[in-house]
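This report refers to the structure that appears directly beneath it.
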Amino acid sequence: MIETRDLSVTINGRAVLRDVDLRLEPARITGLVGESGSGKSMTALAIMGLLPHGAVPGGQVLLDGQNLLDLPEAAMCRIRGNRIGMIFQEPMTALNPLMNIGDQVAEVLRIHHDMSKDQALIRARERLDRVGLPEPRFPLSLYPHELSGGQRQRVAIALAIAEAPDLLIADEPTTALDVTTQAQILDLLRDLVASEGMSLLLITHDLAVVAGIADHVAVMKDGEVVEEGATETLFRTQSHPYTRALFAASRHAPARVPVAADDTPILSVREAVREYVLPRPSAFAPHPVLRAVDGVSLDIQDGESVGLVGESGCGKSTLTRAILGLDPLQGGEIRLDGQAVTAGAAMPADLRAKVQVVFQDPFGSFDPRWRVDRLIAEPFHLTGRPRDWRQRIAQALAEVGIEPSAAGRYVHEFSGGQRQRLAIARALIIRPRLIVLDEAVSALDVRVRAQVLDLLAELRRTHGMAYLFISHDLGVVRGVTDRVLVMDKGSIVEEGPTMSVMDKPQHPTTQRLMAAMPEIPEEWRMS
Amino acid sequence: MKWTLILGAILAGLAIVAAAVSFVWIPYDILGTDVPNKLQPPSAGHWFGTDQYGRDILSLVMVGARTSIAVALVAVGIGMGFGVPLGLIAAANRGGWVDEVIMRGNDLIFAFPSLVIAILITAAFGPSAVNAIIAIGIFNIPVFARVTRGGAMPIWTLDYIRAARVAGKNRARISVEHVLPHIANLLIVQGTIQFSLGILAEAGLSYVGLGAQSPTPSWGRMLAEAQTFVTLAPHVAVIPGLCIFLTVLGLNLLGDGLRDALDPRLKVMRT
């Protein structure tokens, strides 16, 4: 069993972890929940002995009564991968793109055992079978780029459990995956814990995930565990105010916006087809064509909020790029306020000015070398910069709840939630009729997400623009959209008012998405 | 800051200062010969000694630095001036036929042995410093085009580029406003390296008589002229040789140091 006692970490004299006590018992799943910066990942790194340079640990991490913090690096190397395994959020970067999956798993085995390569490959085959990548569909000779995100995460799990460790640490293992893949990976983890008797420390910001899988939950805030206990008890009692705040935020839905959508469609997509030409499989074979969007038709009324949901690879991002006039269509047409959308330079500026976008990644959405005022003002390129542009920037910042003095700062000075507010300010500044929100709240913590959703609802009430919410997460879409479209394999398979689609999903894809959505059981909720 | 960066800056700075000072002051007139005092070893009167005509080598080296730096600088300028826009255009049209044409054109230039072509150009148009500049400059173009394209490609996939496209900006404008500032570090570093290669190339061309012509002093020609006396008065060859060596070394250290100092990723790795 692995146990931490009074585990603390200081960086430059600042305490980032204080007195963390966790008992990670065999065959048990412990959920570690908290917001970004609460110290969840730091706890995992301290247990692994992988703290960043300059971080000083204190207290104890006990494995069979031995304090791991006292061990030299060479001894830790024998424990890592062997007694403690770890998987990360981003499965692509956790694998070596130049090595096939069999060699990668075999390598871990050979580091810890004097084993021939053939023996190691046989064991690797067993481990990959175990994580649901069986022959003949998944031969050892596959490379990471030939696998989907969920399959890569399975390989990462196979690497981590290759040595049947006592403890597996999973740091946000499903955050980068869509709901159905997430459900499969969580099933796999639950199954591994039960059958291999290992302990799992599951780090996540998603309370619903924890509710569905963990036996025991610890809630972290500012480097401390503020509350812990058996999952159901903790969910029912919520004795700490912070826990209550997290729970409230996680099922937050902004007040309905009574915007009367009028009947003129702001966006109208008819039989849209988007194809990609793939590389030739062999030198003289013709180029295969991938039809990512296959005859999609949809309408968004002026002032309406519409959700577009689907699993990764269903074509929703491709469709979005076409709507934004970034990629051309191969068939059909897209009309924005009655005018045809064309990709690239051919699209008139006044038409472009009717649609703006907010992206998922609050870190990649801004040029780090530009100041906020210049960033926010970038869409003025479409309309010409008005004389009062400085006031307009201050007004846009005020509308998203950021003090106007922020205009002179750079984006790295802002948190993820603040950056997403800045992204909304940028989309808002030229008063578009439609804002496309491409997974715009997926990367945010629950409380920040709740605030941003409130903000979006409020802005729609005051300005009456239409929203197109793109997401793989039905939970997000439920609270903020009037109507939802479900996309699968390039086509819209179901559409209707959000509530009725979610309550009575008709199409198998929708049913699958609904079933995969992690939820906190209704009866656990505090009265 | 790393010591290599400081040492590099000092060595390269020395050459530049020497060249700059030579415009206003040199210890002796380089055109005036003083045959009785020929091939003097370094002394208090002539710090670097004198050459076969009794001219002061320090003065020659200072004016020679001017030639080397001017040739290398203009050659880098030509390389950047054509190569960077080509690289930006290629990256903005990545995967398209424009990209293909530009990059295959680059491959074509790369495929020629550069010194042979330089000799060809100077042989065809007459040996002079200007022709040496053009010859060296042409071979800098594909280097900068490749570095620019390579640095610009990953930036084009970022969300803020998409945001700029949604804001209606065209590729040229995005290239200048968003992409170029991000690869400036890369170009500065490559610039110092190409600068040092330019000095070497100029010295090589002058050595074989295809660079700066008499009486313009040049480190390469000083080396060539000194080889007859190298056993008699080794300093006449050693000093311009050392000048080339130390300047090139300095520029390489500077480039290396700048790369570390300007690349935040490497900074993280070091700490």
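Chain lettering (A, B, ...) mirrors the order of the structure tokens, residue numbering begins at 1 for each chain separately, and ligand numbering begins at 1 in order of display.
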
Once you count only C-alpha atoms, what closest atom pair and distance in Å to one decimal does each residue of region 89-191 of chain B within 10 Å of region 368-375 of chain A have, with rows by chain and rising residue number, as a tab-separated table?
```
residue	atom	partner	partner_atom	distance
B:Tyr160	CA	A:Pro368	CA	9.4
B:Ala163	CA	A:Leu375	CA	9.8
B:Ala164	CA	A:Leu375	CA	9.4
B:Glu177	CA	A:Trp370	CA	9.6
B:His178	CA	A:Arg369	CA	8.6
B:Pro181	CA	A:Arg369	CA	8.1
B:His182	CA	A:Arg369	CA	8.2
```

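Taking only C-alpha atoms, the non-local environment of His53 (chain A) within 10 Å (same-chain residues fewer than 2 positions away omitted) comprises Ile11, Leu50, Leu51, Ala55 and Val56 of chain A; Thr271 of chain B.
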
Quick one: which chain A residues come within 6 Å of chain B, and what is the nearest atom pair for each with the distance in Å to one decimal, counting only C-alpha atoms, rows ordered by chain and ascending number, as a Markdown table?
```
| residue | atom | partner | partner_atom | distance |
| --- | --- | --- | --- | --- |
| A:Gly364 | CA | B:Asp159 | CA | 5.5 |
| A:Ser365 | CA | B:Tyr160 | CA | 4.4 |
| A:Phe366 | CA | B:Tyr160 | CA | 4.9 |
| A:Asp367 | CA | B:Tyr160 | CA | 6.0 |
| A:Pro379 | CA | B:Ala167 | CA | 4.5 |
| A:Leu382 | CA | B:Gly168 | CA | 5.9 |
```

Going by DSSP on the backbone, which residues of region 148-188 of chain B come out as alpha helix (DSSP H)? List them as number ranges by chain. B: 148-156, 159-166, 171-174, 180-188

Two-atom distance - CA of Ile300 (chain A), CA of Arg512 (chain A) (Å): 25.2 Å

Between B:Met103, B:Ile30, B:Leu5, B:Ile117, which has the minimum distance to Pro215 (chain B) (counting only C-alpha atoms)?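 The closest residue to Pro215 (chain B) is B:Ile30.
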
Considering only C-alpha atoms, can you say which of A:Gly34, A:Pro265, A:Arg352, A:Glu224 comes closest to Ala245 (chain A)?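 The closest residue to Ala245 (chain A) is A:Gly34.
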
Write out as an MDAnalysis selection string all residues of region 168-395 of chain A that DSSP puts in strand (DSSP E) for this structure's backbone. chainID A and resid 168:171 199:204 216:221 224:230 265:277 289:301 305:309 331:336 339:340 355:358

Excluding Ile134 (chain B) and its own-chain neighbours fewer than 5 positions away, which residues fall within 12 Å of it when counting only C-alpha atoms? Please give them as a ChimeraX atom specification. /B:71-79,114,117-122,125,127-129,139-141,198,201-202,211

Between CA of Ile199 (chain B) and CA of Leu253 (chain B) - distance in Å to one decimal: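 One can read the CA of Leu253 (chain B) to CA of Ile199 (chain B) distance as 14.8 Å.
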
Long-range neighbours of region 122-128 of chain A as a list in words, 9 Å cut-off, only C-alpha atoms, 4 positions minimum in chain: Ile101, Gly102, Asp103, Gln104, Val105, Ala106, Leu109, Lys117, Asp118, Gly132, Leu133, Pro134, Glu135, Phe138, Pro139, Leu140, Arg154, Val155, Ile157, Ala158, Leu159, Ile161 and Ala162 of chain A

Using only C-alpha atoms, which of A:Arg152, A:Ile169, A:Thr243, A:Ala285 sits nearest Thr181 (chain A)?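 The closest residue to Thr181 (chain A) is A:Arg152.
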
For CA of Ala425 (chain A) and CA of Asp178 (chain A), the interatomic separation in Å (one decimal):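 Taking CA of Ala425 (chain A) and CA of Asp178 (chain A), their separation equals 27.4 Å.
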
Excluding same-chain residues fewer than 4 positions from region 490-497 of chain A, what lies within 6 Å of it counting only C-alpha atoms, as a PyMOL selection string? chain A and resi 292-294+296+314-315+482-486+501

Selection above as a file: C-alpha atoms, as a PDB file, in the first residue's frame:
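Written output follows (out.pdb):
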```pdb
ATOM      1  CA  ALA A 292     -15.684  14.701 -43.667  1.00  0.00           C
ATOM      2  CA  VAL A 293     -18.954  16.598 -44.093  1.00  0.00           C
ATOM      3  CA  ASP A 294     -21.540  14.742 -46.114  1.00  0.00           C
ATOM      4  CA  VAL A 296     -25.253  18.656 -44.031  1.00  0.00           C
ATOM      5  CA  CYS A 314     -17.573  13.313 -36.705  1.00  0.00           C
ATOM      6  CA  GLY A 315     -16.902  16.348 -38.902  1.00  0.00           C
ATOM      7  CA  ASP A 482     -32.422  26.017 -27.333  1.00  0.00           C
ATOM      8  CA  ARG A 483     -31.894  23.431 -30.031  1.00  0.00           C
ATOM      9  CA  VAL A 484     -29.309  20.747 -30.577  1.00  0.00           C
ATOM     10  CA  LEU A 485     -27.944  18.964 -33.641  1.00  0.00           C
ATOM     11  CA  VAL A 486     -26.187  15.626 -33.288  1.00  0.00           C
ATOM     12  CA  VAL A 501     -33.452  15.334 -27.646  1.00  0.00           C
TER      13      VAL A 501
END
```

Taking only C-alpha atoms into account, name the residue in A:Leu147, A:Val341, A:Ala218, A:Ala427 that is nearest to Thr231 (chain A). A:Ala218

Using only C-alpha atoms, can you tell me which of A:Val179, A:Ala164, A:Val16, A:Ala377 comes closest to Asp222 (chain A)? A:Val16

Near His240 (chain A), within 7 Å and counting only C-alpha atoms, which residues show up once chain neighbours fewer than 4 positions away are dropped, as a PyMOL selection string? chain A and resi 226-227+244

I need the chosen residues saved as a compact mmCIF listing (two decimals), in the first residue's frame, with N, CA and C atoms.
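Result written to part-v4.txt:
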```txt
# COMPACT_ATOMS: atom_id res chain seq x y z
N VAL A 226 -9.20 19.51 1.50
CA VAL A 226 -10.16 20.17 2.39
C VAL A 226 -11.24 19.20 2.86
N GLU A 227 -11.45 18.14 2.10
CA GLU A 227 -12.47 17.19 2.52
C GLU A 227 -12.18 15.86 1.86
N ARG A 244 -19.07 22.24 -1.67
CA ARG A 244 -20.41 22.64 -2.09
C ARG A 244 -20.34 23.57 -3.31
```

Set out as a Markdown table a contact list for region 120-238 of chain B and region 105-109 of chain B with a cut-off of 12 Å, giving each residue of region 120-238 of chain B that qualifies its closest atom pair and distance in Å to one decimal, counting only C-alpha atoms, ordered by chain and rising residue number.
```
| residue | atom | partner | partner_atom | distance |
| --- | --- | --- | --- | --- |
| B:Ala135 | CA | B:Ile109 | CA | 11.6 |
| B:Ile136 | CA | B:Ile109 | CA | 11.9 |
| B:Gly137 | CA | B:Ile109 | CA | 11.7 |
| B:Ile138 | CA | B:Ile109 | CA | 8.3 |
| B:Phe139 | CA | B:Ile109 | CA | 7.0 |
| B:Asn140 | CA | B:Ile109 | CA | 9.7 |
| B:Ile141 | CA | B:Asn106 | CA | 7.9 |
| B:Pro142 | CA | B:Asn106 | CA | 4.9 |
| B:Val143 | CA | B:Asn106 | CA | 8.2 |
| B:Phe144 | CA | B:Asn106 | CA | 9.9 |
| B:Ala145 | CA | B:Asn106 | CA | 7.7 |
| B:Arg146 | CA | B:Asn106 | CA | 8.0 |
| B:Val147 | CA | B:Asn106 | CA | 11.6 |
| B:Arg149 | CA | B:Asn106 | CA | 11.6 |
```

List the neighbours of Ser239 (chain A) out to 12 Å using only C-alpha atoms; skip same-chain residues closer than 2 positions along the sequence, and give me the result as an MDAnalysis selection string. chainID A and resid 219 226:229 233:237 241:245 247 526
